[in-house]
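Contents: one structure, followed by commentary.
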Amino acid sequence: MSETAPHIVVEVSSAPLTIGADWRALTGRAATNVFMDPLAINVVHAKNFASTCVLIAWDKTTDVAKLVGVWALRRTKASPAGPSILAAPPYDYSFLSNPVVDPAVMDEVVQAFFAAIANDPALPKVIRLRYLDGSSASYPAILKAVSGRGGHRLILDQRERAFAAGDASVKRSGATRKKLRQDWNRLSAEGSVAVVNDRSPAAVREAFEAFLALEAASWKSDRGTAILSNDKTADFARTLIGDLANAGGASVALLTLDGKPIAAQVLLYSGAMAYTWKTAFDPRHGKYSPGALLVDKVTDTLFAGGDIEAIESCSPDGGFMAQMWSGRRSTVDLLVDLGKHKSFAFTVVSLEARGYAELKAARDRLRAWWSSWRKRRRLATAGTP
């Protein structure tokens, strides 16, 4: 247990969390992160899906303690044979790193989080935060807290992701909108088209199986990245979605053609935020862009319902939602060292990340060259008598 501001107390927990009611109250006041939901963390713990520790901040100004912050982190290795570090997102298939913090005590809680890590001899002092929302109020609080401790930080990468901040963020005109209308009309000519998003727990479980089947029939199966490609991952995902659905925190929207699913969008919910977690579609209907059609219809439905104020794409590498939504949020890959001197782990992670970035840039250049060469080749061939 650690304190900075006398009234803010942080517990470091790895056991199952029993703070559901406090969590719901916190997400009513704070910018939320569904991947920090205690229900999700408990599934991770029960399935031994990752080695997590959870920082839980309480405001004890009064006799009744109030939950003011939750931050789940993962114990992992900088590389297979490298030093141990902390990291977020806290488990595979989670896509945001930010803590959930009461805005009234943002700086105090984030400072207390880092103090708890620094003072716990069992925790690594180097933290890698991938998929950190740089547009969130917690981001400057993190930078401020690290600087205040005399620690070190390094931005390894920064880019934008699609984000729909209400109906005004949905593009209502332009080439993408025109294509969506055309694709919908063309698909409708093939049969009866419908969008279903039944949020009852039994319906969610059934629809999730439809999603898994669609994903397994896609290119992801060939690459071994479909959820059903790994029994442990499949067990974790089924339990995660099922447990969240029981609390109203997950659903699976389906686009059907003559009653048969041809696209599925797994949605997560926390507070007034929805998350487009995973998408799959039947490649036999790929020419109609069924995944994009489904997300477009679901976006309108969610905003029309009044309970959802924003939709997080969970897509730091762009994707089709960037063509449909005008909103953007910054995604940061941040490396932190809480020590006074840069540690070996900090150096290893920074060098590894830079090397990966250089390889990725070289790959992208090669792909661009190959695409340009093929285009020139086609033009040259077309012009040959």
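Going through the structure tokens in order, the chains are called A, B, and so on, while each chain numbers its residues from 1 and the ligands are numbered from 1 in the order shown.
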
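Residues in contact with stretch 15-25 of chain A at 10 Å, where only C-alpha atoms are counted and same-chain residues fewer than 5 positions away are skipped, are listed as Ala30, Thr32, Met36, Asp37, Pro38, Leu39, Ala40, Ile41, Asn42, Val43, Val44, His45, Ala46, Thr52, Cys53, Val54, Ile56, Ala65, Lys66, Leu67, Val68, Gly69, Val70, Val100, Ser270 and Gly271 of chain A.
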
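The residue that comes closest to A:Asp157, out of A:Arg181, A:Arg377, A:Arg199, A:Arg354 and on the basis of only C-alpha atoms, is A:Arg354.
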
Using backbone DSSP assignments, extract all helix (DSSP H, G or I) residues from stretch 282-348 of chain A; output them as a PyMOL selection string.
chain A and resi 283-288+290-305+321-324+344-348

Hey, what does DSSP flag as strand (DSSP E) within stretch 95-211 of chain A? Can you give it to me as a PyMOL selection string?
chain A and resi 100-101+126-133+152-164+193-196

Output C-alpha atoms for every residue in the selection just made, as a PDB file, in the first residue's frame.
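Written out: selection-v8.pdb:
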```pdb
ATOM      1  CA  VAL A 100      -9.528   5.082 -15.435  1.00  0.00           C
ATOM      2  CA  VAL A 101      -9.243   8.028 -13.056  1.00  0.00           C
ATOM      3  CA  VAL A 126      10.151   0.192 -16.515  1.00  0.00           C
ATOM      4  CA  ILE A 127       6.679   0.490 -18.050  1.00  0.00           C
ATOM      5  CA  ARG A 128       5.732   0.304 -21.710  1.00  0.00           C
ATOM      6  CA  LEU A 129       2.360   1.831 -22.548  1.00  0.00           C
ATOM      7  CA  ARG A 130       1.268   0.888 -26.051  1.00  0.00           C
ATOM      8  CA  TYR A 131      -2.037   2.104 -27.461  1.00  0.00           C
ATOM      9  CA  LEU A 132      -2.044   4.990 -24.987  1.00  0.00           C
ATOM     10  CA  ASP A 133      -4.768   7.523 -25.769  1.00  0.00           C
ATOM     11  CA  HIS A 152      12.652   9.067 -17.920  1.00  0.00           C
ATOM     12  CA  ARG A 153      10.213   8.791 -20.785  1.00  0.00           C
ATOM     13  CA  LEU A 154      10.499   8.146 -24.491  1.00  0.00           C
ATOM     14  CA  ILE A 155       7.797   8.290 -27.158  1.00  0.00           C
ATOM     15  CA  LEU A 156       8.449   5.261 -29.357  1.00  0.00           C
ATOM     16  CA  ASP A 157       5.642   5.930 -31.818  1.00  0.00           C
ATOM     17  CA  GLN A 158       2.689   8.247 -32.324  1.00  0.00           C
ATOM     18  CA  ARG A 159      -0.159   8.082 -34.820  1.00  0.00           C
ATOM     19  CA  GLU A 160      -3.895   8.682 -35.147  1.00  0.00           C
ATOM     20  CA  ARG A 161      -6.864   6.326 -34.944  1.00  0.00           C
ATOM     21  CA  ALA A 162     -10.493   6.694 -35.932  1.00  0.00           C
ATOM     22  CA  PHE A 163     -12.889   7.870 -33.232  1.00  0.00           C
ATOM     23  CA  ALA A 164     -16.555   8.843 -33.455  1.00  0.00           C
ATOM     24  CA  VAL A 193     -30.769  -7.858 -45.657  1.00  0.00           C
ATOM     25  CA  ALA A 194     -31.058  -7.118 -41.936  1.00  0.00           C
ATOM     26  CA  VAL A 195     -28.947  -5.846 -39.035  1.00  0.00           C
ATOM     27  CA  VAL A 196     -29.445  -7.489 -35.635  1.00  0.00           C
TER      28      VAL A 196
END
```

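Distance-wise, atom CA of A:Asp120 and atom CA of A:Pro103 end up 25.4 Å apart.
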
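Nearest-residue note for A:Tyr269: choosing from A:Ala87, A:Val349, A:Val34, A:Ala72, the minimum distance belongs to A:Val34, counting only C-alpha atoms.
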
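Restricting the calculation to only C-alpha atoms, the smallest distance between A:Leu240 and any of A:Phe113, A:Trp184, A:Tyr139, A:Phe208 is found for A:Phe208.
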
Atom CA of A:Ser251 and atom CA of A:Tyr93 are how many Å apart?
16.1 Å

State, in Å with one decimal place, the distance from atom CA of A:Asn33 to atom CA of A:Gly339.
27.6 Å

For A:Pro124, please output as a PyMOL selection string all residues within 9 Å (counting only C-alpha atoms; exclusion window: fewer than 4 positions along the same chain).
chain A and resi 75+83-86+117-118+120

Taking N, CA and C atoms for each residue, export the selection above as a tab-separated table (two decimals), in the first residue's frame.
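The resulting file, again.tsv, is reproduced below:
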```tsv
chain	number	residue	atom	x	y	z
A	75	ARG	N	2.70	-7.98	-16.16
A	75	ARG	CA	4.11	-8.33	-15.97
A	75	ARG	C	4.56	-9.13	-17.19
A	83	PRO	N	14.96	-8.43	-19.71
A	83	PRO	CA	14.54	-8.10	-18.35
A	83	PRO	C	13.02	-7.95	-18.25
A	84	SER	N	12.51	-8.05	-17.04
A	84	SER	CA	11.08	-7.91	-16.80
A	84	SER	C	10.66	-6.44	-16.82
A	85	ILE	N	9.46	-6.19	-17.34
A	85	ILE	CA	8.89	-4.85	-17.35
A	85	ILE	C	7.40	-4.97	-17.03
A	86	LEU	N	6.77	-3.82	-16.79
A	86	LEU	CA	5.32	-3.73	-16.75
A	86	LEU	C	4.85	-3.19	-18.09
A	117	ILE	N	4.12	1.84	-7.70
A	117	ILE	CA	5.03	0.99	-8.47
A	117	ILE	C	6.47	1.15	-8.00
A	118	ALA	N	6.88	2.40	-7.80
A	118	ALA	CA	8.26	2.67	-7.40
A	118	ALA	C	8.58	2.08	-6.03
A	120	ASP	N	7.10	-0.56	-4.57
A	120	ASP	CA	6.86	-2.00	-4.43
A	120	ASP	C	8.07	-2.76	-4.97
```

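When the distance limit is 8 Å and only C-alpha atoms are what count, the residues near A:Phe281, minus those fewer than 2 positions from it on the same chain, are Leu214, Glu215, Ser218, Ile262, Ala263, Ala264, Thr279, Pro283, His285, Gly286, Pro290 and Gly291 of chain A.
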
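Distance check against A:Asp317 using only C-alpha atoms: of A:Val295, A:Val332, A:Ala304, A:Ala345, the minimum falls on A:Val332.
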
Using only C-alpha atoms, determine which residues lie at most 10 Å from A:His341, disregarding the query and same-chain residues fewer than 4 positions distant; provide the list as a list in words.
Gly150, Gly151, His152, Asp337 and Phe346 of chain A

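For the set A:Arg177, A:Glu108, A:Phe35, A:Leu212, the residue with the smallest atom-to-atom gap to A:Ala234 is A:Leu212, counting only C-alpha atoms.
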
Find the residues near A:Gln265: any atom within 8 Å, counting only C-alpha atoms, skip ones fewer than 3 places away on the same chain, and give them as a ChimeraX atom specification.
/A:211,252-254,276-280,291,294-295

What would the file look like if the residues just selected were written as a PDB file, in the first residue's frame with N, CA and C atoms?
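Saved as out02.pdb:
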```
ATOM      1  N   PHE A 211     -19.681 -15.011 -35.115  1.00  0.00           N
ATOM      2  CA  PHE A 211     -18.465 -14.225 -35.380  1.00  0.00           C
ATOM      3  C   PHE A 211     -17.242 -15.132 -35.476  1.00  0.00           C
ATOM      4  N   VAL A 252     -22.909  -8.596 -30.024  1.00  0.00           N
ATOM      5  CA  VAL A 252     -22.368  -8.914 -31.341  1.00  0.00           C
ATOM      6  C   VAL A 252     -23.430  -8.554 -32.376  1.00  0.00           C
ATOM      7  N   ALA A 253     -23.168  -7.507 -33.142  1.00  0.00           N
ATOM      8  CA  ALA A 253     -24.090  -7.104 -34.202  1.00  0.00           C
ATOM      9  C   ALA A 253     -23.842  -7.972 -35.428  1.00  0.00           C
ATOM     10  N   LEU A 254     -24.911  -8.404 -36.059  1.00  0.00           N
ATOM     11  CA  LEU A 254     -24.814  -9.259 -37.234  1.00  0.00           C
ATOM     12  C   LEU A 254     -25.486  -8.599 -38.427  1.00  0.00           C
ATOM     13  N   THR A 276     -15.551  -0.904 -30.920  1.00  0.00           N
ATOM     14  CA  THR A 276     -15.663  -1.870 -32.013  1.00  0.00           C
ATOM     15  C   THR A 276     -14.481  -2.830 -31.909  1.00  0.00           C
ATOM     16  N   TRP A 277     -14.658  -3.868 -31.106  1.00  0.00           N
ATOM     17  CA  TRP A 277     -13.548  -4.735 -30.688  1.00  0.00           C
ATOM     18  C   TRP A 277     -13.025  -5.610 -31.811  1.00  0.00           C
ATOM     19  N   LYS A 278     -13.903  -6.363 -32.486  1.00  0.00           N
ATOM     20  CA  LYS A 278     -13.476  -7.294 -33.524  1.00  0.00           C
ATOM     21  C   LYS A 278     -14.523  -7.348 -34.639  1.00  0.00           C
ATOM     22  N   THR A 279     -14.036  -7.480 -35.887  1.00  0.00           N
ATOM     23  CA  THR A 279     -14.909  -7.551 -37.053  1.00  0.00           C
ATOM     24  C   THR A 279     -14.552  -8.780 -37.873  1.00  0.00           C
ATOM     25  N   ALA A 280     -15.572  -9.415 -38.451  1.00  0.00           N
ATOM     26  CA  ALA A 280     -15.354 -10.524 -39.382  1.00  0.00           C
ATOM     27  C   ALA A 280     -16.469 -10.509 -40.421  1.00  0.00           C
ATOM     28  N   GLY A 291     -18.530  -5.678 -43.811  1.00  0.00           N
ATOM     29  CA  GLY A 291     -18.075  -5.187 -42.513  1.00  0.00           C
ATOM     30  C   GLY A 291     -18.306  -3.696 -42.363  1.00  0.00           C
ATOM     31  N   LEU A 294     -22.032  -2.936 -41.975  1.00  0.00           N
ATOM     32  CA  LEU A 294     -22.519  -3.251 -40.639  1.00  0.00           C
ATOM     33  C   LEU A 294     -22.128  -2.169 -39.637  1.00  0.00           C
ATOM     34  N   VAL A 295     -20.861  -1.757 -39.652  1.00  0.00           N
ATOM     35  CA  VAL A 295     -20.413  -0.721 -38.720  1.00  0.00           C
ATOM     36  C   VAL A 295     -21.155   0.585 -38.967  1.00  0.00           C
TER      37      VAL A 295
END
```
